[in-house]
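Asker: I am attaching a structure below and will ask some questions about it afterwards.
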Amino acid sequence: MLALAGIVLCQCKAGPSPQDSTPQGGGSSIESQLPVNQILRNVSITTDKAAYAPGSTVVFTGDRAQAGLAVRYWHLGSLVEEHLLEDSSGWTWTLPSKDFQGYYVELIGKNSSGEVRTVGSVAVDASSDWTRFPRYGFLSKFGGVAPSKREAVIANLNRYHINGLQYYDWMYDHHHPLAGTPENPDPDWPSIIGDNCELDVVKGYIEEAHKYNMASMFYDLCYGALEWAEEDGVSPSWYLYKDSGAKNRDYHPLSAPFRSNIYLVNPGNPGWLDYFAARADEVYKVFPFDGFHIDQLGSRGRSYAADGSSVDLVAGYGKFLEKMKSSAPDKKLAFNAVSRYGQSAIAAAPSDFLYNEVWTTGFSEIEKIMDENRSLAPEKNTVLAAYMNYKQSGTFNTPAVLLADAVIFAMGGSHLELGEHMLSNEYFPNASMKMSSELQDKLVDYYNFLVGYENILRGGGQKKAVTVSSDEVKIAQWGPVKGSVNTLAYEVDGKLVIHLLNFEKATHLDWRDDDMTQAQPSTHENFVVTLRMSRDVKNVWTASPDIDGGVPRKANWDSSIISVNITVPSLAYWTMIVLE
């Protein structure tokens, strides 16, 4: 617990070097039992699921069988347990019984010089409800996808611990998503753009995702109707109009190869609510989806009903969520607040987590969204749909992606970006951009970090104003400020968490990096930061997704009545300092 100090503190901690693996939790270390490995190789570790029920068994698989290693299990900065391994090719661990906990798993070995090194790491999420810490991915192709391809896609997403999937444009018609009937569903159907979708592919993906404890959410608009909707029972009295005389229907224009424009209905109209609840029930009768991902088109200006009365779209969003939850209470719901539109009503309604499609491209917008969401619904975590290197082609700019994810994760969000490919466009099937192998591997470390430290990254807490300075590195409080290491501070469960986000070499302050010019930051090692504060500090540790696979490390630190001095072992994009 952090508390104001009433006396001069002279606590000093002669912590280890950045590469030292001395455990945080105290007690005996297993290091003395490690044999010397003449050749110590890194091990890539995967888990058999994206998330686990507390108390269940995790199956770990390493990509090489290396003897003479030990495994450590961490919760935040505390060592849970450790033991020697016969080899690194595979082992199991029974999770503690506490719910909603993130863990880090670290493999260590001793090299020919007798130095203990981290050779592999992976994170584990023990949560009974995936929406507590949502890590959202997507699927976008549902025709001609062989079982082997589906297995490969889901297994790859499991590397990043994706625990929920949005099935984008899987449906038949927006107003009638199921093709056919529950008793006789069509084996295939055209999507809105005419792409072929297949019953067996959609069902096969859901089945494969469930093997990994990944939830599957069907996608649709809250108010979309195609040209022939009246033939399927949509009443003309439900439509939205741009004028009080009801002469100009509101619609989203789409040209070929799209099958129809999308005409909008009042999402809060009682007739439409009953109609669409029945359509959603048809979907659930055929497909074992875990919930409904609900979309909108953002602000439409003034909207009118067929009788000329004004329509409050935002209020309609809340009514739509309430109806979908009451009609299927065991299903999860997410609702896209496009450019933050309608977020207050969405947050107050029975949405299970908050989802924002971000169109303002400055880093400051991410902070604005995260602060607003935390204020509106502190119990709900946030997913941001934010499309990197927008509408470019070629290879994603790795520094831009990592800096954006560092900021989003440090502020408590997750990033909808991973599916069969990485997103650069609001049309999810677009795969014009590719990830380099370097980016793929680095994102594994970043998503491990998001999972392993979910309790302090996404566990609530309050922003704190803490003055951080350094004689060795230029530091500024979050602005963001180009040319400096930016700091963010939160107090979470009695811990003070300081994030160092490296904008020192940043070429601009737009997370989207449309021109693909964001630069890789310089790496700083073993520099001292000073926190101007009076606190009774018991322990300090650091972690970074950019070093040692993200596992926690003790920090050198000392404190006085007015400040705490901490040696930061390394900073590339993002390093986290935790004071207990």
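Ligands are numbered from 1 in the order shown, chains are lettered A, B, ... in the order of the structure tokens, and residues start at 1 in each chain.
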Among segment 312-354 of chain A, which ones does DSSP place in alpha helix (DSSP H), written as a PyMOL selection string?

Answerer: chain A and resi 313-327+343-348

Asker: Write the residues you've just listed into a file as a short mmCIF file (atom, residue, chain, number, x, y, z; two decimals), in the first residue's frame, and include all heavy atoms for each of them.

Answerer:
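In the end it all went to part.cif:
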```cif
data_model
loop_
_atom_site.label_atom_id
_atom_site.label_comp_id
_atom_site.auth_asym_id
_atom_site.auth_seq_id
_atom_site.Cartn_x
_atom_site.Cartn_y
_atom_site.Cartn_z
N LEU A 313 -31.42 9.20 -32.03
CA LEU A 313 -30.70 7.97 -32.36
C LEU A 313 -29.97 7.40 -31.15
O LEU A 313 -29.97 6.19 -30.93
CB LEU A 313 -29.68 8.24 -33.48
CG LEU A 313 -30.14 8.11 -34.92
CD1 LEU A 313 -28.95 8.25 -35.85
CD2 LEU A 313 -30.81 6.78 -35.15
N VAL A 314 -29.34 8.27 -30.39
CA VAL A 314 -28.55 7.80 -29.25
C VAL A 314 -29.43 7.07 -28.24
O VAL A 314 -29.06 6.01 -27.73
CB VAL A 314 -27.80 8.98 -28.60
CG1 VAL A 314 -27.15 8.55 -27.30
CG2 VAL A 314 -26.74 9.52 -29.57
N ALA A 315 -30.59 7.62 -27.95
CA ALA A 315 -31.51 6.93 -27.06
C ALA A 315 -31.92 5.59 -27.65
O ALA A 315 -32.10 4.60 -26.93
CB ALA A 315 -32.74 7.79 -26.79
N GLY A 316 -32.05 5.55 -28.98
CA GLY A 316 -32.39 4.30 -29.65
C GLY A 316 -31.33 3.24 -29.49
O GLY A 316 -31.64 2.04 -29.40
N TYR A 317 -30.06 3.66 -29.43
CA TYR A 317 -28.98 2.68 -29.21
C TYR A 317 -29.16 1.98 -27.87
O TYR A 317 -29.00 0.75 -27.75
CB TYR A 317 -27.62 3.37 -29.24
CG TYR A 317 -27.24 4.00 -30.56
CD1 TYR A 317 -26.21 4.92 -30.62
CD2 TYR A 317 -27.92 3.69 -31.74
CE1 TYR A 317 -25.83 5.51 -31.83
CE2 TYR A 317 -27.55 4.27 -32.95
CZ TYR A 317 -26.51 5.18 -32.98
OH TYR A 317 -26.14 5.76 -34.16
N GLY A 318 -29.47 2.76 -26.84
CA GLY A 318 -29.70 2.16 -25.53
C GLY A 318 -30.87 1.19 -25.54
O GLY A 318 -30.80 0.10 -24.94
N LYS A 319 -31.95 1.56 -26.21
CA LYS A 319 -33.12 0.68 -26.29
C LYS A 319 -32.79 -0.61 -27.05
O LYS A 319 -33.26 -1.69 -26.68
CB LYS A 319 -34.27 1.41 -26.97
CG LYS A 319 -34.86 2.56 -26.16
CD LYS A 319 -35.95 3.29 -26.94
CE LYS A 319 -36.50 4.47 -26.15
NZ LYS A 319 -37.52 5.23 -26.93
N PHE A 320 -31.99 -0.47 -28.10
CA PHE A 320 -31.61 -1.65 -28.88
C PHE A 320 -30.81 -2.63 -28.02
O PHE A 320 -31.05 -3.84 -28.02
CB PHE A 320 -30.81 -1.23 -30.11
CG PHE A 320 -30.60 -2.33 -31.11
CD1 PHE A 320 -31.53 -2.57 -32.11
CD2 PHE A 320 -29.47 -3.13 -31.06
CE1 PHE A 320 -31.34 -3.58 -33.04
CE2 PHE A 320 -29.26 -4.14 -31.98
CZ PHE A 320 -30.21 -4.37 -32.97
N LEU A 321 -29.83 -2.10 -27.27
CA LEU A 321 -29.05 -2.96 -26.39
C LEU A 321 -29.92 -3.62 -25.33
O LEU A 321 -29.77 -4.82 -25.04
CB LEU A 321 -27.94 -2.13 -25.72
CG LEU A 321 -26.68 -1.89 -26.55
CD1 LEU A 321 -25.89 -0.73 -25.99
CD2 LEU A 321 -25.82 -3.15 -26.60
N GLU A 322 -30.81 -2.87 -24.75
CA GLU A 322 -31.69 -3.44 -23.72
C GLU A 322 -32.55 -4.57 -24.28
O GLU A 322 -32.74 -5.61 -23.63
CB GLU A 322 -32.57 -2.33 -23.13
CG GLU A 322 -31.80 -1.34 -22.26
CD GLU A 322 -32.58 -0.07 -21.97
OE1 GLU A 322 -33.76 0.00 -22.42
OE2 GLU A 322 -32.03 0.83 -21.31
N LYS A 323 -33.05 -4.38 -25.50
CA LYS A 323 -33.89 -5.42 -26.12
C LYS A 323 -33.07 -6.66 -26.44
O LYS A 323 -33.52 -7.80 -26.20
CB LYS A 323 -34.53 -4.86 -27.39
CG LYS A 323 -35.45 -5.86 -28.11
CD LYS A 323 -36.69 -6.17 -27.29
CE LYS A 323 -37.65 -7.03 -28.07
NZ LYS A 323 -38.91 -7.29 -27.30
N MET A 324 -31.88 -6.48 -27.00
CA MET A 324 -31.06 -7.64 -27.35
C MET A 324 -30.65 -8.42 -26.10
O MET A 324 -30.59 -9.65 -26.12
CB MET A 324 -29.81 -7.20 -28.12
CG MET A 324 -30.09 -6.60 -29.48
SD MET A 324 -31.07 -7.62 -30.59
CE MET A 324 -32.61 -6.67 -30.65
N LYS A 325 -30.40 -7.73 -25.00
CA LYS A 325 -30.01 -8.42 -23.76
C LYS A 325 -31.21 -9.12 -23.13
O LYS A 325 -31.09 -10.28 -22.67
CB LYS A 325 -29.39 -7.44 -22.77
CG LYS A 325 -28.92 -8.08 -21.47
CD LYS A 325 -27.84 -9.14 -21.68
CE LYS A 325 -26.49 -8.54 -21.93
NZ LYS A 325 -25.41 -9.57 -21.95
N SER A 326 -32.36 -8.48 -23.12
CA SER A 326 -33.53 -9.13 -22.51
C SER A 326 -34.00 -10.32 -23.35
O SER A 326 -34.53 -11.28 -22.81
CB SER A 326 -34.67 -8.11 -22.35
OG SER A 326 -35.13 -7.65 -23.61
N SER A 327 -33.78 -10.25 -24.67
CA SER A 327 -34.20 -11.35 -25.54
C SER A 327 -33.25 -12.55 -25.47
O SER A 327 -33.68 -13.68 -25.69
CB SER A 327 -34.27 -10.86 -27.00
OG SER A 327 -35.21 -9.82 -27.13
N GLN A 343 -21.73 7.21 -27.01
CA GLN A 343 -21.07 6.39 -25.99
C GLN A 343 -21.74 6.47 -24.63
O GLN A 343 -21.76 5.48 -23.90
CB GLN A 343 -19.60 6.80 -25.87
CG GLN A 343 -18.74 5.92 -24.98
CD GLN A 343 -18.57 4.52 -25.55
OE1 GLN A 343 -19.51 3.70 -25.55
NE2 GLN A 343 -17.39 4.22 -26.03
N SER A 344 -22.29 7.60 -24.28
CA SER A 344 -22.92 7.71 -22.96
C SER A 344 -24.09 6.75 -22.82
O SER A 344 -24.24 6.08 -21.79
CB SER A 344 -23.38 9.15 -22.70
OG SER A 344 -24.29 9.58 -23.71
N ALA A 345 -24.94 6.66 -23.86
CA ALA A 345 -26.08 5.74 -23.81
C ALA A 345 -25.61 4.29 -23.90
O ALA A 345 -26.16 3.41 -23.23
CB ALA A 345 -27.05 6.05 -24.94
N ILE A 346 -24.60 4.04 -24.72
CA ILE A 346 -24.07 2.68 -24.87
C ILE A 346 -23.47 2.18 -23.56
O ILE A 346 -23.68 1.04 -23.14
CB ILE A 346 -23.03 2.65 -26.00
CG1 ILE A 346 -23.70 2.93 -27.35
CG2 ILE A 346 -22.29 1.32 -26.03
CD1 ILE A 346 -22.73 3.26 -28.47
N ALA A 347 -22.70 3.05 -22.90
CA ALA A 347 -22.05 2.66 -21.65
C ALA A 347 -23.06 2.38 -20.55
O ALA A 347 -22.86 1.49 -19.71
CB ALA A 347 -21.08 3.75 -21.20
N ALA A 348 -24.17 3.14 -20.54
CA ALA A 348 -25.19 2.96 -19.50
C ALA A 348 -26.07 1.75 -19.75
O ALA A 348 -26.70 1.23 -18.83
CB ALA A 348 -26.05 4.22 -19.41
#
```

Asker: Counting only C-alpha atoms, what are the residues of segment 424-466 of chain A within 6 Å of segment 109-133 of chain A, and for each of them which pair of atoms is the nearest and at what distance in Å, to one decimal? Sort the table by chain and rising number, as CSV.

Answerer:
```
residue,atom,partner,partner_atom,distance
A:Asn448,CA,A:Ala123,CA,4.9
A:Val451,CA,A:Ala123,CA,5.9
A:Gly452,CA,A:Ala123,CA,5.0
```

Asker: Just checking: using only C-alpha atoms, which residue out of A:Tyr304, A:Phe363, A:Tyr167, A:Phe335 ends up closest to Phe138 of chain A?

Answerer: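 Once distances to Phe138 of chain A are computed over only C-alpha atoms, the minimum belongs to A:Tyr167.
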
Asker: Pick out the residues sitting within 6 Å of segment 218-232 of chain A, and hand them over as a PDB file with all heavy atoms, in the first residue's frame; count only C-alpha atoms, and ignore anything fewer than 5 positions along from it in its own chain.

Answerer:
```
ATOM      1  N   TYR A 167     -17.194 -11.573 -36.169  1.00  0.00           N
ATOM      2  CA  TYR A 167     -17.390 -12.176 -37.490  1.00  0.00           C
ATOM      3  C   TYR A 167     -17.961 -11.096 -38.412  1.00  0.00           C
ATOM      4  O   TYR A 167     -19.170 -10.898 -38.498  1.00  0.00           O
ATOM      5  CB  TYR A 167     -18.329 -13.381 -37.398  1.00  0.00           C
ATOM      6  CG  TYR A 167     -17.690 -14.610 -36.779  1.00  0.00           C
ATOM      7  CD1 TYR A 167     -17.117 -14.555 -35.491  1.00  0.00           C
ATOM      8  CD2 TYR A 167     -17.657 -15.818 -37.446  1.00  0.00           C
ATOM      9  CE1 TYR A 167     -16.533 -15.669 -34.912  1.00  0.00           C
ATOM     10  CE2 TYR A 167     -17.074 -16.946 -36.871  1.00  0.00           C
ATOM     11  CZ  TYR A 167     -16.517 -16.853 -35.606  1.00  0.00           C
ATOM     12  OH  TYR A 167     -15.934 -17.969 -35.038  1.00  0.00           O
ATOM     13  N   TYR A 168     -17.069 -10.441 -39.132  1.00  0.00           N
ATOM     14  CA  TYR A 168     -17.428  -9.259 -39.905  1.00  0.00           C
ATOM     15  C   TYR A 168     -18.114  -9.653 -41.219  1.00  0.00           C
ATOM     16  O   TYR A 168     -17.589 -10.462 -41.992  1.00  0.00           O
ATOM     17  CB  TYR A 168     -16.173  -8.431 -40.190  1.00  0.00           C
ATOM     18  CG  TYR A 168     -16.408  -7.222 -41.043  1.00  0.00           C
ATOM     19  CD1 TYR A 168     -16.808  -6.028 -40.462  1.00  0.00           C
ATOM     20  CD2 TYR A 168     -16.226  -7.268 -42.420  1.00  0.00           C
ATOM     21  CE1 TYR A 168     -17.032  -4.901 -41.236  1.00  0.00           C
ATOM     22  CE2 TYR A 168     -16.444  -6.155 -43.201  1.00  0.00           C
ATOM     23  CZ  TYR A 168     -16.851  -4.971 -42.609  1.00  0.00           C
ATOM     24  OH  TYR A 168     -17.063  -3.854 -43.385  1.00  0.00           O
ATOM     25  N   HIS A 174     -28.663  -7.419 -43.979  1.00  0.00           N
ATOM     26  CA  HIS A 174     -28.561  -6.762 -42.675  1.00  0.00           C
ATOM     27  C   HIS A 174     -29.846  -6.907 -41.864  1.00  0.00           C
ATOM     28  O   HIS A 174     -29.798  -7.138 -40.653  1.00  0.00           O
ATOM     29  CB  HIS A 174     -28.227  -5.277 -42.854  1.00  0.00           C
ATOM     30  CG  HIS A 174     -26.789  -5.021 -43.194  1.00  0.00           C
ATOM     31  ND1 HIS A 174     -26.301  -5.132 -44.457  1.00  0.00           N
ATOM     32  CD2 HIS A 174     -25.739  -4.667 -42.412  1.00  0.00           C
ATOM     33  CE1 HIS A 174     -25.000  -4.857 -44.467  1.00  0.00           C
ATOM     34  NE2 HIS A 174     -24.635  -4.576 -43.237  1.00  0.00           N
ATOM     35  N   HIS A 175     -30.973  -6.767 -42.514  1.00  0.00           N
ATOM     36  CA  HIS A 175     -32.247  -6.856 -41.790  1.00  0.00           C
ATOM     37  C   HIS A 175     -32.676  -8.304 -41.564  1.00  0.00           C
ATOM     38  O   HIS A 175     -33.605  -8.559 -40.797  1.00  0.00           O
ATOM     39  CB  HIS A 175     -33.342  -6.117 -42.563  1.00  0.00           C
ATOM     40  CG  HIS A 175     -33.637  -6.733 -43.902  1.00  0.00           C
ATOM     41  ND1 HIS A 175     -32.912  -6.417 -45.026  1.00  0.00           N
ATOM     42  CD2 HIS A 175     -34.557  -7.657 -44.301  1.00  0.00           C
ATOM     43  CE1 HIS A 175     -33.361  -7.100 -46.061  1.00  0.00           C
ATOM     44  NE2 HIS A 175     -34.362  -7.875 -45.648  1.00  0.00           N
ATOM     45  N   SER A 260     -26.710  -3.782 -52.489  1.00  0.00           N
ATOM     46  CA  SER A 260     -27.768  -2.817 -52.200  1.00  0.00           C
ATOM     47  C   SER A 260     -27.190  -1.666 -51.406  1.00  0.00           C
ATOM     48  O   SER A 260     -26.163  -1.809 -50.717  1.00  0.00           O
ATOM     49  CB  SER A 260     -28.875  -3.507 -51.387  1.00  0.00           C
ATOM     50  OG  SER A 260     -29.780  -2.570 -50.824  1.00  0.00           O
ATOM     51  N   ILE A 262     -27.667   0.641 -48.077  1.00  0.00           N
ATOM     52  CA  ILE A 262     -28.172   0.284 -46.751  1.00  0.00           C
ATOM     53  C   ILE A 262     -29.090   1.408 -46.274  1.00  0.00           C
ATOM     54  O   ILE A 262     -28.654   2.552 -46.083  1.00  0.00           O
ATOM     55  CB  ILE A 262     -27.031   0.067 -45.748  1.00  0.00           C
ATOM     56  CG1 ILE A 262     -26.114  -1.052 -46.226  1.00  0.00           C
ATOM     57  CG2 ILE A 262     -27.603  -0.282 -44.368  1.00  0.00           C
ATOM     58  CD1 ILE A 262     -24.880  -1.253 -45.351  1.00  0.00           C
ATOM     59  N   TYR A 263     -30.359   1.099 -46.108  1.00  0.00           N
ATOM     60  CA  TYR A 263     -31.355   2.059 -45.638  1.00  0.00           C
ATOM     61  C   TYR A 263     -31.504   1.911 -44.132  1.00  0.00           C
ATOM     62  O   TYR A 263     -31.447   0.790 -43.590  1.00  0.00           O
ATOM     63  CB  TYR A 263     -32.680   1.831 -46.365  1.00  0.00           C
ATOM     64  CG  TYR A 263     -32.558   2.081 -47.838  1.00  0.00           C
ATOM     65  CD1 TYR A 263     -32.171   1.054 -48.703  1.00  0.00           C
ATOM     66  CD2 TYR A 263     -32.767   3.349 -48.369  1.00  0.00           C
ATOM     67  CE1 TYR A 263     -32.017   1.290 -50.063  1.00  0.00           C
ATOM     68  CE2 TYR A 263     -32.613   3.588 -49.727  1.00  0.00           C
ATOM     69  CZ  TYR A 263     -32.236   2.560 -50.569  1.00  0.00           C
ATOM     70  OH  TYR A 263     -32.074   2.801 -51.911  1.00  0.00           O
ATOM     71  N   LEU A 264     -31.689   3.040 -43.457  1.00  0.00           N
ATOM     72  CA  LEU A 264     -31.658   3.041 -41.999  1.00  0.00           C
ATOM     73  C   LEU A 264     -33.056   3.110 -41.418  1.00  0.00           C
ATOM     74  O   LEU A 264     -33.916   3.854 -41.899  1.00  0.00           O
ATOM     75  CB  LEU A 264     -30.831   4.225 -41.488  1.00  0.00           C
ATOM     76  CG  LEU A 264     -29.395   4.324 -42.024  1.00  0.00           C
ATOM     77  CD1 LEU A 264     -28.629   5.409 -41.284  1.00  0.00           C
ATOM     78  CD2 LEU A 264     -28.664   2.997 -41.943  1.00  0.00           C
ATOM     79  N   VAL A 265     -33.256   2.323 -40.365  1.00  0.00           N
ATOM     80  CA  VAL A 265     -34.504   2.361 -39.607  1.00  0.00           C
ATOM     81  C   VAL A 265     -34.210   2.934 -38.225  1.00  0.00           C
ATOM     82  O   VAL A 265     -33.050   3.051 -37.810  1.00  0.00           O
ATOM     83  CB  VAL A 265     -35.133   0.948 -39.486  1.00  0.00           C
ATOM     84  CG1 VAL A 265     -35.448   0.376 -40.852  1.00  0.00           C
ATOM     85  CG2 VAL A 265     -34.227   0.003 -38.708  1.00  0.00           C
ATOM     86  N   PRO A 267     -33.540   2.644 -34.652  1.00  0.00           N
ATOM     87  CA  PRO A 267     -33.122   1.500 -33.829  1.00  0.00           C
ATOM     88  C   PRO A 267     -33.923   1.337 -32.554  1.00  0.00           C
ATOM     89  O   PRO A 267     -33.898   0.266 -31.941  1.00  0.00           O
ATOM     90  CB  PRO A 267     -31.654   1.808 -33.520  1.00  0.00           C
ATOM     91  CG  PRO A 267     -31.551   3.298 -33.604  1.00  0.00           C
ATOM     92  CD  PRO A 267     -32.501   3.697 -34.696  1.00  0.00           C
ATOM     93  N   PHE A 292     -23.406 -10.740 -29.830  1.00  0.00           N
ATOM     94  CA  PHE A 292     -23.750  -9.882 -30.959  1.00  0.00           C
ATOM     95  C   PHE A 292     -22.867  -8.638 -30.908  1.00  0.00           C
ATOM     96  O   PHE A 292     -22.888  -7.890 -29.923  1.00  0.00           O
ATOM     97  CB  PHE A 292     -25.234  -9.532 -30.849  1.00  0.00           C
ATOM     98  CG  PHE A 292     -25.815  -8.671 -31.931  1.00  0.00           C
ATOM     99  CD1 PHE A 292     -25.119  -8.319 -33.075  1.00  0.00           C
ATOM    100  CD2 PHE A 292     -27.123  -8.190 -31.795  1.00  0.00           C
ATOM    101  CE1 PHE A 292     -25.679  -7.521 -34.062  1.00  0.00           C
ATOM    102  CE2 PHE A 292     -27.707  -7.391 -32.769  1.00  0.00           C
ATOM    103  CZ  PHE A 292     -26.985  -7.056 -33.899  1.00  0.00           C
ATOM    104  N   HIS A 293     -22.104  -8.426 -31.975  1.00  0.00           N
ATOM    105  CA  HIS A 293     -21.348  -7.185 -32.129  1.00  0.00           C
ATOM    106  C   HIS A 293     -22.185  -6.236 -32.979  1.00  0.00           C
ATOM    107  O   HIS A 293     -22.435  -6.493 -34.156  1.00  0.00           O
ATOM    108  CB  HIS A 293     -19.996  -7.431 -32.791  1.00  0.00           C
ATOM    109  CG  HIS A 293     -19.210  -6.170 -32.983  1.00  0.00           C
ATOM    110  ND1 HIS A 293     -18.258  -5.759 -32.084  1.00  0.00           N
ATOM    111  CD2 HIS A 293     -19.269  -5.205 -33.938  1.00  0.00           C
ATOM    112  CE1 HIS A 293     -17.752  -4.600 -32.483  1.00  0.00           C
ATOM    113  NE2 HIS A 293     -18.355  -4.247 -33.605  1.00  0.00           N
ATOM    114  N   ILE A 294     -22.582  -5.125 -32.392  1.00  0.00           N
ATOM    115  CA  ILE A 294     -23.552  -4.218 -32.999  1.00  0.00           C
ATOM    116  C   ILE A 294     -22.829  -2.994 -33.553  1.00  0.00           C
ATOM    117  O   ILE A 294     -22.024  -2.364 -32.864  1.00  0.00           O
ATOM    118  CB  ILE A 294     -24.598  -3.786 -31.951  1.00  0.00           C
ATOM    119  CG1 ILE A 294     -25.216  -5.028 -31.274  1.00  0.00           C
ATOM    120  CG2 ILE A 294     -25.677  -2.934 -32.602  1.00  0.00           C
ATOM    121  CD1 ILE A 294     -25.930  -4.719 -29.971  1.00  0.00           C
ATOM    122  N   ASP A 295     -23.149  -2.666 -34.794  1.00  0.00           N
ATOM    123  CA  ASP A 295     -22.492  -1.533 -35.448  1.00  0.00           C
ATOM    124  C   ASP A 295     -23.497  -0.418 -35.722  1.00  0.00           C
ATOM    125  O   ASP A 295     -24.713  -0.618 -35.697  1.00  0.00           O
ATOM    126  CB  ASP A 295     -21.853  -1.994 -36.760  1.00  0.00           C
ATOM    127  CG  ASP A 295     -20.720  -1.078 -37.218  1.00  0.00           C
ATOM    128  OD1 ASP A 295     -20.370  -0.135 -36.480  1.00  0.00           O
ATOM    129  OD2 ASP A 295     -20.186  -1.312 -38.315  1.00  0.00           O
ATOM    130  N   GLN A 296     -22.948   0.769 -35.984  1.00  0.00           N
ATOM    131  CA  GLN A 296     -23.719   1.949 -36.394  1.00  0.00           C
ATOM    132  C   GLN A 296     -22.876   2.693 -37.412  1.00  0.00           C
ATOM    133  O   GLN A 296     -21.765   2.279 -37.752  1.00  0.00           O
ATOM    134  CB  GLN A 296     -24.015   2.833 -35.176  1.00  0.00           C
ATOM    135  CG  GLN A 296     -22.752   3.246 -34.421  1.00  0.00           C
ATOM    136  CD  GLN A 296     -22.812   4.593 -33.764  1.00  0.00           C
ATOM    137  OE1 GLN A 296     -23.250   5.563 -34.376  1.00  0.00           O
ATOM    138  NE2 GLN A 296     -22.354   4.680 -32.521  1.00  0.00           N
TER     139      GLN A 296
END
```

Asker: Taking the DSSP assignment computed from this structure's backbone, write out as number ranges by chain all residues of segment 58-189 of chain A that belong to strand (DSSP E).

Answerer: A: 58-62, 69-75, 78-85, 90-94, 101-110, 116-126, 136-139, 164-167, 188-189

Asker: Counting only C-alpha atoms, figure out which residue out of A:Gly479, A:Gly412, A:Pro147, A:Pro350 gets nearest to Ser364 of chain A.

Answerer: A:Gly479

Asker: Distance atom CA of Leu403 of chain A-atom CA of Asp441 of chain A, one decimal place?

Answerer: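 Going from atom CA of Leu403 of chain A over to atom CA of Asp441 of chain A covers 15.0 Å.
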
Asker: Contacts of Ala506 of chain A at 6 Å or less, counting only C-alpha atoms, minus same-chain residues fewer than 3 places along, as a list in words?

Answerer: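 Neighbouring residues, sequence-local ones excluded: Lys482, Phe503 and Ala519 of chain A.
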
Asker: Please produce a file of those selected residues containing all heavy atoms, as a PDB file, in the first residue's frame.

Answerer:
```pdb
ATOM      1  N   LYS A 482       6.351  15.407 -28.505  1.00  0.00           N
ATOM      2  CA  LYS A 482       7.350  14.853 -29.416  1.00  0.00           C
ATOM      3  C   LYS A 482       8.740  15.236 -28.936  1.00  0.00           C
ATOM      4  O   LYS A 482       8.950  16.299 -28.383  1.00  0.00           O
ATOM      5  CB  LYS A 482       7.093  15.396 -30.828  1.00  0.00           C
ATOM      6  CG  LYS A 482       7.738  14.624 -31.939  1.00  0.00           C
ATOM      7  CD  LYS A 482       7.176  15.008 -33.312  1.00  0.00           C
ATOM      8  CE  LYS A 482       7.420  16.467 -33.633  1.00  0.00           C
ATOM      9  NZ  LYS A 482       7.105  16.782 -35.046  1.00  0.00           N
ATOM     10  N   PHE A 503       8.634   8.843 -27.090  1.00  0.00           N
ATOM     11  CA  PHE A 503       8.371   9.670 -28.262  1.00  0.00           C
ATOM     12  C   PHE A 503       9.601  10.489 -28.647  1.00  0.00           C
ATOM     13  O   PHE A 503       9.494  11.463 -29.381  1.00  0.00           O
ATOM     14  CB  PHE A 503       7.202  10.616 -27.978  1.00  0.00           C
ATOM     15  CG  PHE A 503       5.852   9.974 -28.051  1.00  0.00           C
ATOM     16  CD1 PHE A 503       5.359   9.225 -26.992  1.00  0.00           C
ATOM     17  CD2 PHE A 503       5.069  10.097 -29.188  1.00  0.00           C
ATOM     18  CE1 PHE A 503       4.109   8.633 -27.055  1.00  0.00           C
ATOM     19  CE2 PHE A 503       3.824   9.509 -29.270  1.00  0.00           C
ATOM     20  CZ  PHE A 503       3.343   8.767 -28.209  1.00  0.00           C
ATOM     21  N   ALA A 519       9.148   6.779 -36.682  1.00  0.00           N
ATOM     22  CA  ALA A 519      10.515   6.281 -36.563  1.00  0.00           C
ATOM     23  C   ALA A 519      10.682   5.391 -35.334  1.00  0.00           C
ATOM     24  O   ALA A 519       9.971   5.526 -34.337  1.00  0.00           O
ATOM     25  CB  ALA A 519      11.492   7.453 -36.481  1.00  0.00           C
TER      26      ALA A 519
END
```
